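One file, protein00.cif, is given below (mmCIF, C-alpha atoms and all ligand atoms).
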```cif
data_target
loop_
_atom_site.label_atom_id
_atom_site.label_comp_id
_atom_site.auth_asym_id
_atom_site.auth_seq_id
_atom_site.Cartn_x
_atom_site.Cartn_y
_atom_site.Cartn_z
CA MET A 1 64.93 184.45 85.88
CA LYS A 2 65.90 185.46 82.36
CA THR A 3 63.54 184.66 79.53
CA ARG A 4 65.30 186.48 76.69
CA LEU A 5 68.62 185.13 75.40
CA PRO A 6 71.28 187.75 76.27
CA LEU A 7 73.22 189.55 73.56
CA ILE A 8 76.70 190.79 74.40
CA ALA A 9 77.83 193.26 71.73
CA GLY A 10 81.28 194.82 71.39
CA ASN A 11 81.39 198.29 69.86
CA TRP A 12 85.04 198.78 68.97
CA LYS A 13 84.46 202.42 67.93
CA MET A 14 87.44 203.91 65.99
CA ASN A 15 90.10 201.59 67.40
CA GLY A 16 92.59 199.14 65.91
CA ASP A 17 93.48 198.10 62.39
CA SER A 18 92.67 194.97 60.36
CA ALA A 19 95.49 192.97 61.95
CA ARG A 20 94.18 193.83 65.40
CA ALA A 21 90.62 192.93 64.34
CA ARG A 22 91.80 189.52 63.13
CA GLU A 23 93.72 188.96 66.36
CA LEU A 24 90.80 189.96 68.58
CA CYS A 25 88.30 187.85 66.60
CA ASN A 26 90.61 184.82 66.72
CA ALA A 27 90.96 185.29 70.48
CA LEU A 28 87.17 185.40 70.89
CA VAL A 29 86.59 182.36 68.67
CA SER A 30 89.04 180.34 70.77
CA ARG A 31 87.16 181.30 73.95
CA SER A 32 83.66 180.76 72.51
CA PRO A 33 83.30 177.04 73.42
CA HIS A 34 83.17 178.13 77.09
CA TRP A 35 80.37 180.65 76.71
CA PRO A 36 77.18 180.04 78.70
CA THR A 37 73.78 178.90 77.51
CA LEU A 38 70.21 179.77 78.44
CA ASN A 39 67.65 177.00 77.90
CA GLY A 40 70.17 175.15 75.75
CA GLN A 41 70.98 178.13 73.52
CA LYS A 42 74.37 179.78 73.63
CA VAL A 43 74.30 183.50 74.44
CA ASP A 44 74.48 185.75 71.40
CA VAL A 45 77.74 187.59 70.86
CA ALA A 46 78.39 190.25 68.23
CA VAL A 47 81.32 192.52 67.37
CA PHE A 48 81.25 195.86 65.59
CA PRO A 49 84.67 196.73 64.14
CA PRO A 50 85.45 199.85 62.09
CA PHE A 51 84.34 199.57 58.42
CA VAL A 52 87.78 198.82 56.97
CA SER A 53 88.34 195.94 59.40
CA LEU A 54 85.06 194.18 58.52
CA PRO A 55 86.60 191.86 55.85
CA ALA A 56 89.38 190.73 58.20
CA ALA A 57 86.89 190.18 61.03
CA HIS A 58 84.49 188.34 58.71
CA GLU A 59 87.24 185.97 57.62
CA ALA A 60 88.30 185.30 61.22
CA LEU A 61 84.71 184.69 62.39
CA LYS A 62 83.52 182.60 59.43
CA ASP A 63 83.38 179.24 61.27
CA SER A 64 81.99 180.71 64.49
CA ASP A 65 78.61 181.79 65.92
CA ILE A 66 79.91 185.30 66.58
CA VAL A 67 77.88 187.83 64.62
CA LEU A 68 79.49 190.68 62.72
CA GLY A 69 78.04 194.17 62.59
CA ALA A 70 78.90 197.73 61.61
CA GLN A 71 78.82 200.92 63.67
CA ASN A 72 76.79 203.03 61.25
CA MET A 73 75.38 203.13 57.70
CA HIS A 74 73.70 205.51 55.27
CA GLU A 75 70.01 205.12 54.54
CA ALA A 76 70.26 205.37 50.74
CA VAL A 77 70.80 202.28 48.59
CA SER A 78 73.59 203.91 46.59
CA GLY A 79 74.48 207.27 45.07
CA ALA A 80 76.48 210.46 45.46
CA TYR A 81 77.07 210.31 49.22
CA THR A 82 80.81 210.72 49.56
CA GLY A 83 82.26 208.90 52.52
CA GLU A 84 79.16 206.85 53.25
CA VAL A 85 78.41 203.11 53.26
CA SER A 86 75.06 201.45 52.44
CA ALA A 87 73.26 198.54 54.08
CA ALA A 88 73.82 196.38 50.98
CA MET A 89 77.57 197.03 51.19
CA LEU A 90 77.56 195.96 54.82
CA LEU A 91 75.70 192.77 53.97
CA THR A 92 78.25 191.84 51.33
CA ALA A 93 81.02 192.52 53.88
CA GLY A 94 79.43 189.86 56.11
CA CYS A 95 77.44 192.05 58.50
CA GLN A 96 74.15 190.90 59.98
CA MET A 97 73.68 193.83 62.36
CA VAL A 98 74.30 197.58 62.51
CA ILE A 99 74.47 200.03 65.41
CA LEU A 100 72.31 203.11 64.76
CA GLY A 101 72.04 206.39 66.60
CA HIS A 102 74.92 205.88 68.99
CA SER A 103 75.17 208.91 71.26
CA GLU A 104 78.59 209.73 69.82
CA ARG A 105 76.97 209.97 66.39
CA ARG A 106 74.11 212.02 67.80
CA GLN A 107 76.42 214.38 69.70
CA LEU A 108 79.45 214.65 67.41
CA PHE A 109 77.88 214.15 63.98
CA GLY A 110 74.47 215.71 64.41
CA GLU A 111 72.35 212.59 64.03
CA THR A 112 68.68 213.05 64.84
CA ASP A 113 65.83 210.69 65.69
CA LEU A 114 64.44 211.28 62.20
CA GLY A 115 67.76 210.27 60.61
CA VAL A 116 68.07 207.25 62.88
CA ASN A 117 64.54 206.24 61.90
CA ARG A 118 65.37 206.48 58.17
CA LYS A 119 68.46 204.36 58.73
CA ALA A 120 66.47 201.80 60.75
CA GLN A 121 63.90 201.50 57.95
CA ALA A 122 66.67 201.07 55.37
CA ALA A 123 68.58 198.54 57.48
CA LEU A 124 65.46 196.43 58.02
CA ALA A 125 64.47 196.63 54.36
CA ALA A 126 67.92 195.35 53.40
CA GLY A 127 67.89 192.54 55.99
CA LEU A 128 70.24 194.03 58.60
CA LYS A 129 69.22 193.93 62.26
CA PRO A 130 69.68 197.31 63.93
CA ILE A 131 70.74 198.06 67.49
CA ILE A 132 69.12 201.44 68.13
CA CYS A 133 70.82 203.48 70.84
CA ILE A 134 68.84 205.65 73.23
CA GLY A 135 70.03 207.63 76.23
CA GLU A 136 69.87 210.85 78.20
CA THR A 137 72.67 213.28 79.05
CA LEU A 138 73.66 214.09 82.62
CA ALA A 139 71.93 217.49 82.42
CA GLU A 140 68.73 215.83 81.23
CA ARG A 141 68.87 213.26 84.05
CA GLU A 142 69.62 215.87 86.69
CA SER A 143 66.73 218.03 85.56
CA GLY A 144 64.31 215.10 85.82
CA GLN A 145 63.79 214.72 82.08
CA THR A 146 65.09 211.18 81.67
CA ASN A 147 61.79 209.49 80.84
CA ALA A 148 60.68 212.31 78.54
CA VAL A 149 63.96 212.17 76.61
CA ILE A 150 63.85 208.37 76.38
CA GLU A 151 60.25 208.44 75.21
CA GLY A 152 60.99 211.10 72.59
CA GLN A 153 63.95 209.15 71.22
CA LEU A 154 61.96 205.89 71.15
CA ARG A 155 59.01 207.54 69.41
CA GLY A 156 61.22 209.25 66.83
CA SER A 157 63.62 206.40 66.17
CA LEU A 158 60.95 203.68 65.93
CA ALA A 159 58.38 205.75 64.01
CA GLY A 160 56.45 203.74 61.43
CA LEU A 161 58.03 200.40 62.30
CA THR A 162 55.69 197.42 62.42
CA LYS A 163 55.53 194.77 65.15
CA GLU A 164 57.19 192.33 62.74
CA GLN A 165 60.03 194.77 62.12
CA LEU A 166 60.45 195.39 65.84
CA GLN A 167 61.18 191.70 66.34
CA LYS A 168 64.42 192.30 64.43
CA VAL A 169 65.36 195.39 66.45
CA THR A 170 67.49 195.55 69.60
CA ILE A 171 67.38 198.65 71.80
CA ALA A 172 70.48 199.78 73.69
CA TYR A 173 70.01 202.06 76.68
CA GLU A 174 73.23 204.04 76.85
CA PRO A 175 73.10 206.93 79.31
CA VAL A 176 75.48 209.47 77.81
CA TRP A 177 76.99 210.23 81.22
CA ALA A 178 78.07 206.60 81.63
CA ILE A 179 79.84 206.18 78.27
CA GLY A 180 83.62 206.01 78.51
CA THR A 181 83.50 207.75 81.88
CA GLY A 182 83.87 204.76 84.20
CA ARG A 183 80.67 205.99 85.82
CA VAL A 184 78.29 203.08 85.41
CA ALA A 185 74.54 203.36 85.96
CA THR A 186 73.41 201.46 89.02
CA VAL A 187 71.40 198.31 88.44
CA GLU A 188 68.39 200.20 89.80
CA GLN A 189 68.89 203.18 87.44
CA ALA A 190 69.34 200.96 84.40
CA GLY A 191 66.52 198.59 85.40
CA GLU A 192 64.14 201.50 85.89
CA VAL A 193 64.79 202.91 82.40
CA HIS A 194 64.63 199.45 80.82
CA ARG A 195 61.21 198.86 82.44
CA PHE A 196 60.05 202.28 81.28
CA MET A 197 61.15 201.47 77.71
CA ARG A 198 59.45 198.08 77.74
CA GLY A 199 56.28 199.66 79.09
CA TRP A 200 56.33 202.26 76.31
CA ILE A 201 56.82 199.53 73.69
CA GLU A 202 53.93 197.58 75.20
CA SER A 203 51.63 200.61 75.03
CA ARG A 204 52.71 201.51 71.49
CA PHE A 205 52.84 197.95 70.08
CA ASP A 206 51.69 195.02 72.27
CA THR A 207 52.69 192.77 75.18
CA ASP A 208 54.30 190.04 73.06
CA THR A 209 56.41 192.60 71.20
CA ALA A 210 57.46 194.22 74.47
CA ASN A 211 58.31 190.88 76.05
CA GLY A 212 60.27 189.75 73.01
CA ILE A 213 62.48 192.77 72.39
CA ARG A 214 65.98 192.80 73.83
CA ILE A 215 67.05 195.94 75.67
CA LEU A 216 70.81 196.10 76.26
CA TYR A 217 72.60 198.33 78.72
CA GLY A 218 75.72 200.22 77.60
CA GLY A 219 78.05 202.56 79.47
CA SER A 220 81.25 201.52 81.26
CA VAL A 221 80.33 197.83 81.36
CA LYS A 222 83.38 195.91 82.60
CA ALA A 223 84.09 192.38 83.81
CA ASP A 224 83.70 193.49 87.42
CA ASN A 225 80.25 195.12 87.09
CA ALA A 226 78.71 192.93 84.36
CA ARG A 227 77.36 190.18 86.59
CA SER A 228 75.21 192.41 88.78
CA LEU A 229 73.88 194.43 85.80
CA LEU A 230 73.13 191.35 83.73
CA ALA A 231 71.47 189.53 86.63
CA ASN A 232 68.63 192.06 86.41
CA PRO A 233 65.76 190.42 84.47
CA ASP A 234 65.08 193.70 82.63
CA ILE A 235 68.64 193.92 81.26
CA ASP A 236 68.99 191.62 78.26
CA GLY A 237 72.65 192.07 77.50
CA ALA A 238 75.31 194.71 77.11
CA LEU A 239 76.70 197.04 74.48
CA VAL A 240 80.34 197.22 75.52
CA GLY A 241 82.81 199.86 74.35
CA GLY A 242 86.31 199.99 75.85
CA ALA A 243 86.19 196.59 77.54
CA SER A 244 85.32 194.87 74.25
CA LEU A 245 88.82 195.67 72.94
CA ASN A 246 90.34 193.20 75.39
CA ALA A 247 89.49 189.54 74.68
CA ASP A 248 89.80 188.41 78.31
CA GLU A 249 87.65 191.26 79.61
CA PHE A 250 84.99 190.77 76.91
CA ASP A 251 85.05 187.01 77.51
CA ALA A 252 84.49 187.61 81.24
CA ILE A 253 81.47 189.84 80.47
CA ILE A 254 80.02 187.13 78.19
CA ARG A 255 80.52 184.50 80.90
CA ALA A 256 78.76 186.77 83.41
CA SER A 257 75.69 187.13 81.19
CA VAL A 258 73.67 184.12 82.34
P1 LIG A 301 82.18 202.24 77.15
O1 LIG A 301 81.88 200.79 77.48
O2 LIG A 301 83.59 202.45 76.71
O3 LIG A 301 81.72 203.15 78.22
O4 LIG A 301 81.29 202.59 75.85
C1 LIG A 301 79.95 202.27 75.84
C2 LIG A 301 79.44 202.45 74.47
O5 LIG A 301 79.34 203.56 73.99
C3 LIG A 301 79.08 201.24 73.70
O6 LIG A 301 78.42 201.58 72.53
#
```
Go through the file and emit its structure as structure tokens.
Ligand code: 13P
Amino acid sequence: MKTRLPLIAGNWKMNGDSARARELCNALVSRSPHWPTLNGQKVDVAVFPPFVSLPAAHEALKDSDIVLGAQNMHEAVSGAYTGEVSAAMLLTAGCQMVILGHSERRQLFGETDLGVNRKAQAALAAGLKPIICIGETLAERESGQTNAVIEGQLRGSLAGLTKEQLQKVTIAYEPVWAIGTGRVATVEQAGEVHRFMRGWIESRFDTDTANGIRILYGGSVKADNARSLLANPDIDGALVGGASLNADEFDAIIRASV
């Protein structure tokens, strides 16, 4: 039995233009009346378009419950950081959330736990809710290091955050080997890591904080595997990549969440 309201989040990555963002948002808004509820509350849904499509998406979502977020940000308030975007800029573009430390950013752009932690502090200070991504590579899993890697990333990324701040944080467990590969973690594999993460949060913070925090699974979530993953009481939602670019597929994942 689920106690935490699921969050289904669509990470569009570097796909589509503003016209496509508008179209996809409109398609989701028209499907939203049919989305399920838990204890009378509709499941949370959020989309994360590329930066330049945020205004179009914001306009299309303005009369809906669908939350808008960004895929990254810089930790500074403003300044000489060519090519970067601040939390305050994201807020004025209509964002309420931001994805931090996605494995593609860690692997392709050199992001570290320390950098993710700075961004998390800045996001929270500005009033943005971060989704902090954590996950091991295939080599790390196969050499039995999964829990050590997860623990290290949690410790580094959440360093210095208070219990109150953690209430505004979502964790996404995204095993690197399952992202964009079609190779989805089994419910048992995902559930085991989610329980490990919650146990770590309980030991580092407290039971209420651990019970309250949402831990999403991400990595090849599709309409046909969402129901079994999301039925696990330790999996509080999904961070969806490829399948979130198709309104029917994303809608089916949302409907499978409760
Ligand atoms: P896919 O769903 O395309 O595997 O991507 C997962 C992901 O990276 C979401 O952030």
Query - Test item: residues at most 8 Å from Gly237 of chain A, all atoms listed in the file, excluding those fewer than 4 positions along its chain, as a ChimeraX atom specification - result: /A:6-9,214-217,230,257
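Distances here use all atoms listed in the file; by that measure, the residue among A:Ala19, A:Ala122, A:Ile66, A:Ile132 closest to ligand LIG 301 (chain A) is A:Ile132.
Nearest residue to Ile150 of chain A among A:Leu166, A:Met197, A:Leu239, A:Val98 is A:Met197, counting all atoms listed in the file.
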Query raised in the report: In Å, how far is it from atom CA of Pro50 of chain A to atom CA of Ala125 of chain A?
Result: 22.6 Å
7 Å shell around ligand LIG 301 (chain A) using all atoms listed in the file, listed as a PDB file with C-alpha atoms, in the frame of the given file:
```
ATOM      1  CA  ASN A  11      81.390 198.290  69.860  1.00  0.00           C
ATOM      2  CA  HIS A 102      74.920 205.880  68.990  1.00  0.00           C
ATOM      3  CA  GLU A 174      73.230 204.040  76.850  1.00  0.00           C
ATOM      4  CA  ALA A 178      78.070 206.600  81.630  1.00  0.00           C
ATOM      5  CA  ILE A 179      79.840 206.180  78.270  1.00  0.00           C
ATOM      6  CA  GLY A 180      83.620 206.010  78.510  1.00  0.00           C
ATOM      7  CA  THR A 181      83.500 207.750  81.880  1.00  0.00           C
ATOM      8  CA  GLY A 182      83.870 204.760  84.200  1.00  0.00           C
ATOM      9  CA  GLY A 218      75.720 200.220  77.600  1.00  0.00           C
ATOM     10  CA  GLY A 219      78.050 202.560  79.470  1.00  0.00           C
ATOM     11  CA  SER A 220      81.250 201.520  81.260  1.00  0.00           C
ATOM     12  CA  VAL A 221      80.330 197.830  81.360  1.00  0.00           C
ATOM     13  CA  LEU A 239      76.700 197.040  74.480  1.00  0.00           C
ATOM     14  CA  VAL A 240      80.340 197.220  75.520  1.00  0.00           C
ATOM     15  CA  GLY A 241      82.810 199.860  74.350  1.00  0.00           C
ATOM     16  CA  GLY A 242      86.310 199.990  75.850  1.00  0.00           C
ATOM     17  CA  ALA A 243      86.190 196.590  77.540  1.00  0.00           C
TER      18      ALA A 243
END
```
Query - Nearest-residue call for Ile134 of chain A, choices A:Leu154, A:Ile201, A:Ala120, A:Leu245, using only C-alpha atoms - result: A:Leu154
Requested in this report: Tell me which protein, DNA and RNA residues are within 10 Å of Glu84 of chain A, counting only C-alpha atoms, leaving out same-chain ones fewer than 6 positions away, and put them as an MDAnalysis selection string.
Outcome: chainID A and resid 72:76 78
Query - Distance query Asp248 of chain A at most 9 Å, all atoms listed in the file, self and fewer than 5 positions along chain excluded, as number ranges by chain - result: A: 27-28, 31, 223, 243, 253
Query - Nearby residues (only C-alpha atoms) at most 8 Å from Arg255 of chain A, same-chain spacing under 3 positions excluded, as a ChimeraX atom specification - result: /A:34-36,251-252,258
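Note that atom CA of Ala226 of chain A and atom CA of Ser30 of chain A are 21.2 Å apart.
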Requested in this report: Compile the contact shell of Val149 of chain A as a list of chain:residue names: residues with an atom at most 12 Å away, counting all atoms listed in the file, same-chain residues fewer than 3 positions apart removed.
Outcome: A:Asp113, A:Ile134, A:Gly135, A:Glu136, A:Thr137, A:Leu138, A:Ala139, A:Glu140, A:Arg141, A:Ser143, A:Gly144, A:Gln145, A:Thr146, A:Gly152, A:Gln153, A:Leu154, A:Arg155, A:Gly156, A:Ser157, A:Tyr173, A:Pro175, A:Val176, A:Val193, A:Phe196, A:Met197
Grab the residues selected above and save them as a PDB file, in the coordinates of the input with C-alpha atoms.
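Here's the written file out-v7.pdb:
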```
ATOM      1  CA  ASP A 113      65.830 210.690  65.690  1.00  0.00           C
ATOM      2  CA  ILE A 134      68.840 205.650  73.230  1.00  0.00           C
ATOM      3  CA  GLY A 135      70.030 207.630  76.230  1.00  0.00           C
ATOM      4  CA  GLU A 136      69.870 210.850  78.200  1.00  0.00           C
ATOM      5  CA  THR A 137      72.670 213.280  79.050  1.00  0.00           C
ATOM      6  CA  LEU A 138      73.660 214.090  82.620  1.00  0.00           C
ATOM      7  CA  ALA A 139      71.930 217.490  82.420  1.00  0.00           C
ATOM      8  CA  GLU A 140      68.730 215.830  81.230  1.00  0.00           C
ATOM      9  CA  ARG A 141      68.870 213.260  84.050  1.00  0.00           C
ATOM     10  CA  SER A 143      66.730 218.030  85.560  1.00  0.00           C
ATOM     11  CA  GLY A 144      64.310 215.100  85.820  1.00  0.00           C
ATOM     12  CA  GLN A 145      63.790 214.720  82.080  1.00  0.00           C
ATOM     13  CA  THR A 146      65.090 211.180  81.670  1.00  0.00           C
ATOM     14  CA  GLY A 152      60.990 211.100  72.590  1.00  0.00           C
ATOM     15  CA  GLN A 153      63.950 209.150  71.220  1.00  0.00           C
ATOM     16  CA  LEU A 154      61.960 205.890  71.150  1.00  0.00           C
ATOM     17  CA  ARG A 155      59.010 207.540  69.410  1.00  0.00           C
ATOM     18  CA  GLY A 156      61.220 209.250  66.830  1.00  0.00           C
ATOM     19  CA  SER A 157      63.620 206.400  66.170  1.00  0.00           C
ATOM     20  CA  TYR A 173      70.010 202.060  76.680  1.00  0.00           C
ATOM     21  CA  PRO A 175      73.100 206.930  79.310  1.00  0.00           C
ATOM     22  CA  VAL A 176      75.480 209.470  77.810  1.00  0.00           C
ATOM     23  CA  VAL A 193      64.790 202.910  82.400  1.00  0.00           C
ATOM     24  CA  PHE A 196      60.050 202.280  81.280  1.00  0.00           C
ATOM     25  CA  MET A 197      61.150 201.470  77.710  1.00  0.00           C
TER      26      MET A 197
END
```
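For the choices A:Leu68, A:Ala80, A:Val29, A:Leu108, the atom-to-atom distance to Gln96 of chain A is smallest for A:Leu68 when using only C-alpha atoms.
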Using only the atoms of segment 118-135 of chain A listed in the file, plus 6 Å on each side, state the axis-aligned box centre and edge lengths in Å rounded to one decimal, as AutoDock Vina command-line options.
```
--center_x 67.4 --center_y 200.1 --center_z 64.8 --size_x 18.9 --size_y 27.1 --size_z 34.8
```
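Closest approach to Val43 of chain A from the set A:Glu151, A:Asp236, A:Glu104, A:Asp224 is made by A:Asp236, with distances taken over all atoms listed in the file.
Shortest atom-to-atom contact with Glu59 of chain A among A:Gly115, A:Gly40, A:Gly94, A:Gly10: A:Gly94, counting all atoms listed in the file.
Every polymer residue reaching to within 9 Å of (63.7, 205.0, 58.6), counting all atoms listed in the file, appears in this list: Glu75, Leu114, Gly115, Val116, Asn117, Arg118, Lys119, Ala120, Gln121, Ala122, Ala123, Leu124, Ser157, Leu158, Ala159, Gly160 and Leu161 of chain A.
The coordinates place atom CA of Gly191 of chain A at 8.5 Å from atom CA of Leu229 of chain A.
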